[in-house]
file my_file-v3.tsv (TSV, C-alpha atoms)
chain	number	residue	atom	x	y	z
A	21	MET	CA	-26.88	4.60	97.02
A	22	THR	CA	-29.98	6.74	97.34
A	23	THR	CA	-31.92	8.30	100.17
A	24	GLU	CA	-35.58	9.20	100.46
A	25	LYS	CA	-37.81	10.85	103.01
A	26	LYS	CA	-40.36	8.63	104.70
A	27	ARG	CA	-43.76	9.91	105.76
A	28	CYS	CA	-44.40	8.40	109.13
A	29	ASN	CA	-45.31	9.00	112.75
A	30	SER	CA	-42.05	10.19	114.32
A	31	VAL	CA	-43.61	10.02	117.80
A	32	GLU	CA	-44.15	6.29	117.34
A	33	TYR	CA	-40.56	5.80	116.19
A	34	LEU	CA	-39.12	7.80	119.09
A	35	ARG	CA	-41.11	5.86	121.65
A	36	SER	CA	-39.89	2.59	120.13
A	37	VAL	CA	-36.27	3.51	120.97
A	38	PRO	CA	-35.49	1.97	124.40
A	39	PHE	CA	-33.36	4.77	125.83
A	40	LEU	CA	-35.95	7.40	124.78
A	41	ALA	CA	-39.00	5.50	126.03
A	42	ASN	CA	-39.31	7.41	129.32
A	43	ILE	CA	-38.42	10.96	128.31
A	44	GLU	CA	-40.86	13.85	128.74
A	45	ASP	CA	-43.90	13.88	126.43
A	46	GLY	CA	-43.01	17.44	125.46
A	47	ALA	CA	-39.57	16.32	124.29
A	48	THR	CA	-41.06	13.52	122.20
A	49	GLU	CA	-43.51	15.91	120.51
A	50	HIS	CA	-40.71	18.44	120.00
A	51	PHE	CA	-38.51	15.96	118.16
A	52	ALA	CA	-41.45	14.60	116.19
A	53	ASN	CA	-41.85	18.09	114.72
A	54	LEU	CA	-38.17	18.86	114.15
A	55	SER	CA	-36.58	15.52	113.31
A	56	THR	CA	-36.38	13.88	109.89
A	57	VAL	CA	-36.95	10.23	109.06
A	58	ARG	CA	-35.17	8.99	105.95
A	59	VAL	CA	-34.75	5.65	104.19
A	60	PHE	CA	-31.24	4.82	102.96
A	61	SER	CA	-30.24	2.17	100.47
A	62	LYS	CA	-27.46	-0.31	101.23
A	63	GLY	CA	-24.04	1.38	101.23
A	64	ALA	CA	-25.34	4.94	101.66
A	65	VAL	CA	-23.73	7.26	104.21
A	66	ILE	CA	-26.44	8.05	106.77
A	67	SER	CA	-24.47	10.43	108.97
A	68	SER	CA	-20.93	11.73	109.38
A	69	SER	CA	-19.26	13.13	112.48
A	70	GLU	CA	-17.53	15.70	110.27
A	71	HIS	CA	-20.81	17.05	108.86
A	72	SER	CA	-21.44	20.69	109.80
A	73	SER	CA	-24.79	19.96	111.48
A	74	GLY	CA	-23.13	17.48	113.86
A	75	GLY	CA	-26.39	15.88	114.93
A	76	ILE	CA	-27.36	12.32	115.83
A	77	ALA	CA	-28.98	9.48	113.94
A	78	ILE	CA	-31.05	6.67	115.46
A	79	VAL	CA	-31.61	3.41	113.59
A	80	ILE	CA	-35.32	2.66	113.24
A	81	GLU	CA	-35.22	-0.26	110.82
A	82	GLY	CA	-32.37	-2.23	109.27
A	83	THR	CA	-28.70	-2.40	110.20
A	84	ALA	CA	-25.81	0.04	109.81
A	85	TYR	CA	-22.09	0.22	110.56
A	86	ALA	CA	-20.16	2.91	112.43
A	87	THR	CA	-16.92	3.18	110.45
A	88	SER	CA	-13.64	5.07	110.42
A	89	TYR	CA	-10.37	4.73	108.54
A	90	LEU	CA	-7.00	3.24	109.46
A	91	ALA	CA	-3.75	5.07	108.75
A	92	ASP	CA	-3.25	3.03	105.56
A	93	GLY	CA	-6.69	4.01	104.24
A	94	ARG	CA	-8.50	0.76	105.01
A	95	VAL	CA	-12.04	0.96	106.38
A	96	PHE	CA	-12.33	0.08	110.07
A	97	ILE	CA	-15.77	-1.04	111.31
A	98	ILE	CA	-16.13	0.29	114.85
A	99	ASP	CA	-19.59	-1.04	115.66
A	100	VAL	CA	-22.70	-2.74	114.30
A	101	LEU	CA	-25.78	-0.52	114.71
A	102	SER	CA	-29.20	-2.15	114.84
A	103	LYS	CA	-32.70	-0.94	115.77
A	104	GLY	CA	-32.54	1.69	118.52
A	105	SER	CA	-28.78	2.26	118.17
A	106	LEU	CA	-27.47	5.81	118.42
A	107	PHE	CA	-24.80	7.35	116.18
A	108	GLY	CA	-23.28	10.76	116.83
A	109	TRP	CA	-22.97	10.56	120.63
A	110	ASN	CA	-19.48	12.10	120.35
A	111	ASN	CA	-21.08	15.26	118.91
A	112	LEU	CA	-22.70	16.10	122.26
A	113	SER	CA	-19.57	17.90	123.48
A	114	GLU	CA	-17.91	21.00	122.08
A	115	THR	CA	-14.68	19.14	121.35
A	116	ARG	CA	-13.77	18.12	117.82
A	117	ALA	CA	-15.48	14.85	116.98
A	118	VAL	CA	-13.57	11.75	115.90
A	119	ALA	CA	-13.95	11.20	112.17
A	120	MET	CA	-16.61	8.49	111.83
A	121	GLU	CA	-19.37	7.64	109.38
A	122	MET	CA	-22.63	5.75	109.77
A	123	VAL	CA	-23.10	3.58	106.67
A	124	ALA	CA	-26.18	1.50	105.84
A	125	LYS	CA	-25.33	-2.20	105.91
A	126	THR	CA	-28.83	-3.03	104.64
A	127	ARG	CA	-31.72	-0.87	103.47
A	128	CYS	CA	-32.03	1.28	106.55
A	129	THR	CA	-34.49	3.75	108.09
A	130	ALA	CA	-32.99	6.35	110.41
A	131	LEU	CA	-34.32	9.26	112.44
A	132	LEU	CA	-32.07	12.33	112.17
A	133	ILE	CA	-31.88	15.16	114.73
A	134	ASP	CA	-29.58	18.14	114.15
A	135	ARG	CA	-27.14	19.23	116.85
A	136	ARG	CA	-28.78	22.58	117.62
A	137	THR	CA	-32.19	20.98	118.23
A	138	LEU	CA	-30.53	18.29	120.33
A	139	LEU	CA	-28.60	20.64	122.62
A	140	GLU	CA	-31.56	23.01	123.07
A	141	ALA	CA	-33.74	20.07	124.13
A	142	MET	CA	-31.12	18.88	126.61
A	143	GLU	CA	-31.33	22.29	128.30
A	144	VAL	CA	-35.14	22.12	128.61
A	145	TRP	CA	-35.95	18.47	129.44
A	146	PRO	CA	-33.90	16.81	132.24
A	147	LYS	CA	-35.14	13.27	131.56
A	148	PHE	CA	-34.10	13.58	127.94
A	149	ARG	CA	-30.71	15.02	128.95
A	150	GLN	CA	-30.13	12.13	131.35
A	151	ALA	CA	-31.15	9.58	128.71
A	152	MET	CA	-28.76	11.06	126.14
A	153	TRP	CA	-25.76	11.26	128.47
A	154	THR	CA	-26.40	7.77	129.85
A	155	GLU	CA	-26.47	6.36	126.31
A	156	ALA	CA	-23.37	8.33	125.31
A	157	LEU	CA	-21.41	7.12	128.36
A	158	ALA	CA	-22.46	3.53	127.63
A	159	LYS	CA	-21.14	3.93	124.08
A	160	ILE	CA	-17.83	5.27	125.40
A	161	ALA	CA	-17.53	2.35	127.85
A	162	ASN	CA	-18.17	-0.17	125.06
A	163	LEU	CA	-15.67	1.59	122.83
A	164	LYS	CA	-13.00	1.30	125.55
A	165	ILE	CA	-13.71	-2.43	125.79
A	166	LYS	CA	-13.22	-2.79	122.04
A	167	VAL	CA	-9.93	-0.89	122.19
A	168	VAL	CA	-8.66	-3.20	124.95
A	169	CYS	CA	-9.89	-6.28	123.07
A	170	GLY	CA	-8.12	-5.11	119.92
A	171	ALA	CA	-4.83	-4.49	121.72
A	172	THR	CA	-3.73	-8.13	121.77
A	173	PRO	CA	-1.53	-9.22	118.82
A	174	SER	CA	-3.28	-12.62	118.86
A	175	LEU	CA	-5.77	-12.78	115.97
A	176	PRO	CA	-7.67	-15.80	117.42
A	177	ALA	CA	-8.16	-13.94	120.71
A	178	ARG	CA	-9.42	-10.79	118.93
A	179	LEU	CA	-11.68	-12.86	116.66
A	180	ALA	CA	-13.18	-14.85	119.54
A	181	SER	CA	-13.77	-11.66	121.53
A	182	CYS	CA	-15.50	-10.04	118.56
A	183	LEU	CA	-17.79	-13.01	117.86
A	184	LEU	CA	-18.84	-13.27	121.52
A	185	ARG	CA	-19.48	-9.53	121.68
A	186	LEU	CA	-21.64	-9.63	118.54
A	187	LEU	CA	-23.62	-12.54	119.99
A	188	ALA	CA	-24.19	-10.60	123.21
A	189	GLN	CA	-25.33	-7.52	121.26
A	190	SER	CA	-27.75	-9.65	119.25
A	191	GLU	CA	-29.26	-11.10	122.43
A	192	GLU	CA	-29.61	-7.65	123.99
A	193	ARG	CA	-31.32	-6.33	120.86
A	194	ASP	CA	-33.69	-9.25	120.23
A	195	GLY	CA	-34.21	-10.40	123.81
A	196	GLU	CA	-33.63	-13.99	122.72
A	197	THR	CA	-30.74	-16.41	123.11
A	198	GLY	CA	-29.15	-17.05	119.72
A	199	ASP	CA	-25.98	-18.62	118.43
A	200	THR	CA	-25.63	-17.05	114.96
A	201	VAL	CA	-23.87	-13.82	113.99
A	202	THR	CA	-24.98	-12.34	110.67
A	203	ILE	CA	-21.85	-10.80	109.20
A	204	SER	CA	-19.58	-11.41	106.20
A	205	GLN	CA	-15.99	-12.48	106.67
A	206	HIS	CA	-14.87	-9.29	104.92
A	207	ASP	CA	-16.77	-7.10	107.40
A	208	LEU	CA	-15.56	-9.21	110.32
A	209	ALA	CA	-11.99	-8.63	109.16
A	210	CYS	CA	-12.68	-4.87	109.04
A	211	MET	CA	-13.82	-4.98	112.67
A	212	LEU	CA	-10.67	-6.61	114.06
A	213	PRO	CA	-8.85	-5.22	111.95
A	214	ALA	CA	-7.05	-8.00	110.07
A	215	SER	CA	-6.68	-9.36	106.56
A	216	ARG	CA	-9.62	-11.36	105.23
A	217	GLU	CA	-7.28	-14.22	104.37
A	218	LYS	CA	-6.08	-14.62	107.97
A	219	VAL	CA	-9.62	-14.37	109.33
A	220	ASN	CA	-10.83	-16.96	106.82
A	221	ARG	CA	-8.01	-19.33	107.74
A	222	CYS	CA	-8.74	-19.02	111.47
A	223	LEU	CA	-12.48	-19.51	110.99
A	224	HIS	CA	-12.00	-22.64	108.87
A	225	ASN	CA	-9.61	-23.99	111.49
A	226	TRP	CA	-12.31	-23.52	114.12
A	227	GLU	CA	-14.92	-25.08	111.86
A	228	GLU	CA	-12.77	-28.20	111.47
A	229	LYS	CA	-12.68	-28.47	115.26
A	230	ASN	CA	-16.50	-28.04	115.46
A	231	LEU	CA	-16.28	-24.76	117.37
A	232	ILE	CA	-18.25	-22.83	114.73
A	233	GLU	CA	-20.21	-23.43	111.56
A	234	LEU	CA	-19.80	-21.15	108.55
A	235	GLY	CA	-22.72	-20.14	106.34
A	236	MET	CA	-23.46	-17.55	103.66
A	237	GLY	CA	-22.87	-14.24	105.43
A	238	ALA	CA	-23.32	-15.85	108.85
A	239	ILE	CA	-21.32	-17.65	111.54
A	240	THR	CA	-22.92	-20.04	114.03
A	241	VAL	CA	-21.03	-20.42	117.29
A	242	LEU	CA	-21.28	-24.05	118.42
A	243	ARG	CA	-18.93	-23.83	121.41
A	244	PRO	CA	-19.09	-20.35	122.99
A	245	ASP	CA	-17.51	-21.78	126.14
A	246	VAL	CA	-14.37	-22.76	124.24
A	247	LEU	CA	-14.16	-19.38	122.48
A	248	ALA	CA	-14.58	-17.68	125.86
A	249	SER	CA	-11.73	-19.74	127.30
A	250	PHE	CA	-9.17	-17.91	125.18
A	251	ALA	CA	-10.90	-14.68	124.13
A	252	PHE	CA	-9.04	-11.60	125.29
A	253	CYS	CA	-12.27	-9.88	126.33
A	254	ASP	CA	-15.60	-11.66	126.51
A	255	PRO	CA	-18.96	-11.89	128.30
A	256	VAL	CA	-19.73	-14.81	130.60
A	257	PRO	CA	-20.75	-17.67	128.24
A	258	ARG	CA	-24.49	-18.24	127.91
A	259	GLY	CA	-25.76	-21.00	130.17
A	260	ALA	CA	-22.82	-20.65	132.57
A	261	ASP	CA	-23.29	-19.86	136.23
A	262	PRO	CA	-21.66	-16.42	136.75
A	263	ALA	CA	-20.59	-17.50	140.25
A	264	THR	CA	-18.60	-20.45	138.92
A	265	SER	CA	-17.47	-19.04	135.58
A	266	PRO	CA	-13.68	-18.72	135.24
A	267	ASN	CA	-14.24	-15.10	134.17
A	268	HIS	CA	-16.26	-14.19	137.23
A	269	GLN	CA	-15.09	-11.71	139.80
A	270	SER	CA	-17.24	-10.28	142.54
A	271	GLY	CA	-18.86	-7.08	141.39
A	272	SER	CA	-17.40	-7.33	137.89
A	273	PRO	CA	-19.18	-5.84	134.84
A	274	PRO	CA	-20.86	-7.98	132.14
A	275	PHE	CA	-17.70	-7.80	130.02
A	276	GLU	CA	-14.27	-8.64	131.39
A	277	CYS	CA	-10.82	-8.27	129.89
A	278	ARG	CA	-8.03	-10.79	130.31
A	279	ASN	CA	-5.13	-12.42	128.52
A	280	GLY	CA	-6.19	-14.77	125.73
A	281	SER	CA	-3.13	-17.00	125.53
A	282	GLY	CA	-5.16	-20.09	126.37
A	283	GLY	CA	-6.52	-20.26	122.85
A	284	GLU	CA	-3.28	-21.07	121.10
A	285	ALA	CA	-4.06	-24.81	121.18
A	286	TRP	CA	-7.11	-24.17	118.99
A	287	THR	CA	-5.45	-22.03	116.34
A	288	GLY	CA	-3.51	-24.71	114.55

call {"tool": "encode", "arguments": {"input": "my_file-v3.tsv", "output": "structure tokens"}}
result
Amino acid sequence: MTTEKKRCNSVEYLRSVPFLANIEDGATEHFANLSTVRVFSKGAVISSSEHSSGGIAIVIEGTAYATSYLADGRVFIIDVLSKGSLFGWNNLSETRAVAMEMVAKTRCTALLIDRRTLLEAMEVWPKFRQAMWTEALAKIANLKIKVVCGATPSLPARLASCLLRLLAQSEERDGETGDTVTISQHDLACMLPASREKVNRCLHNWEEKNLIELGMGAITVLRPDVLASFAFCDPVPRGADPATSPNHQSGSPPFECRNGSGGEAWTG
């Protein structure tokens, strides 16, 4: 698990990050001079919320996980971080950060900005400050959704919610409609959290009913509408009319939370 510096144009990387695309030119040049771009091998810790510098890391290439630990010591995967994703948003305040790590899922390139540089820039450039707080608040909102989704004792409901959320994140990142989630069953179990055996049993049950198709390190969702019918928290299924969707409520956000008891018929 090694790390190496990468000689590159940091300005180009910063401008490729969606939420930093419209910040002041001076802020972009400032971070280009003071930030560090590093390449991390699979499994390496890219950033930790408990590190003294308390800065942020932005994924430039590859994929990473935001992880923490359960009370029994098991790893809990909080989020999947792809290109443009921010880690360290909880370090923006003076309060003690939640213990989290950013770990490279694949070979990963990340841009690192220390906390002092970050906070000084937020004082000087209002567009940058607004971009950072907007992104941080969005992360908090998504985290709340995941907490609510994980509150149900029903594993099928949590699993369906997670798969639909990962699909939605993939579409937002790539700008294309897809039906495949690239994740191992072990990592999926760490996201719920649940035992790998129970997750495997539920997935194979769904595969037998032609709801999904299992591959090597990937899951293809064949019937997102059925998964959405009993997921505890899910986006409106792709291809559905939001006005007629059973999840739709006037003025409701893209994600909605509800009871997932309707999925029991599919769990076997």

call {"tool": "atom_distance", "arguments": {"input": "my_file-v3.tsv", "atom1": "CA of Ser181 in chain A", "atom2": "CA of Leu157 in chain A"}}
result
21.4 Å

call {"tool": "atom_distance", "arguments": {"input": "my_file-v3.tsv", "atom1": "CA of Ser215 in chain A", "atom2": "CA of Leu175 in chain A"}}
result
10.1 Å

call {"tool": "atom_distance", "arguments": {"input": "my_file-v3.tsv", "atom1": "CA of Val100 in chain A", "atom2": "CA of Tyr85 in chain A"}}
result
4.8 Å

call {"tool": "closest_residue", "arguments": {"input": "my_file-v3.tsv", "among": "A:Leu234, A:Val246, A:Ala52, A:Leu163", "to": "Arg35 in chain A", "atoms": "all atoms listed in the file"}}
result
A:Ala52

call {"tool": "closest_residue", "arguments": {"input": "my_file-v3.tsv", "among": "A:Glu143, A:Arg94, A:Asp207, A:Arg243", "to": "Asn230 in chain A", "atoms": "only C-alpha atoms"}}
result
A:Arg243

call {"tool": "closest_residue", "arguments": {"input": "my_file-v3.tsv", "among": "A:Ala214, A:Val241, A:Ala156, A:Ala119", "to": "Gly198 in chain A", "atoms": "only C-alpha atoms"}}
result
A:Val241

call {"tool": "closest_residue", "arguments": {"input": "my_file-v3.tsv", "among": "A:Tyr89, A:Phe96, A:Phe51, A:Phe250", "to": "Arg136 in chain A", "atoms": "all atoms listed in the file"}}
result
A:Phe51

call {"tool": "closest_residue", "arguments": {"input": "my_file-v3.tsv", "among": "A:Leu223, A:Glu44, A:Trp145, A:Val123", "to": "Ser88 in chain A", "atoms": "all atoms listed in the file"}}
result
A:Val123

call {"tool": "residues_around", "arguments": {"input": "my_file-v3.tsv", "residues": "Leu131 in chain A", "least_positions_apart": "6", "cutoff": "7 Å", "atoms": "only C-alpha atoms", "output": "MDAnalysis selection string"}}
result
chainID A and resid 55:58 77:80

call {"tool": "closest_residue", "arguments": {"input": "my_file-v3.tsv", "among": "A:Leu208, A:Ser190, A:Thr126, A:Ile98", "to": "Asn162 in chain A", "atoms": "only C-alpha atoms"}}
result
A:Ile98

call {"tool": "residues_near_point", "arguments": {"input": "my_file-v3.tsv", "point": "(-39.3, 20.0, 126.5)", "cutoff": "6 Å", "atoms": "only C-alpha atoms", "output": "list in words"}}
result
Gly46, Ala47, Val144 and Trp145 of chain A

call {"tool": "residues_around", "arguments": {"input": "my_file-v3.tsv", "residues": "Ile239 in chain A", "least_positions_apart": "5", "cutoff": "9 Å", "atoms": "all atoms listed in the file", "output": "JSON, numbers by chain"}}
result
{"A": [183, 199, 200, 201, 202, 203, 204, 205, 232, 233, 234]}
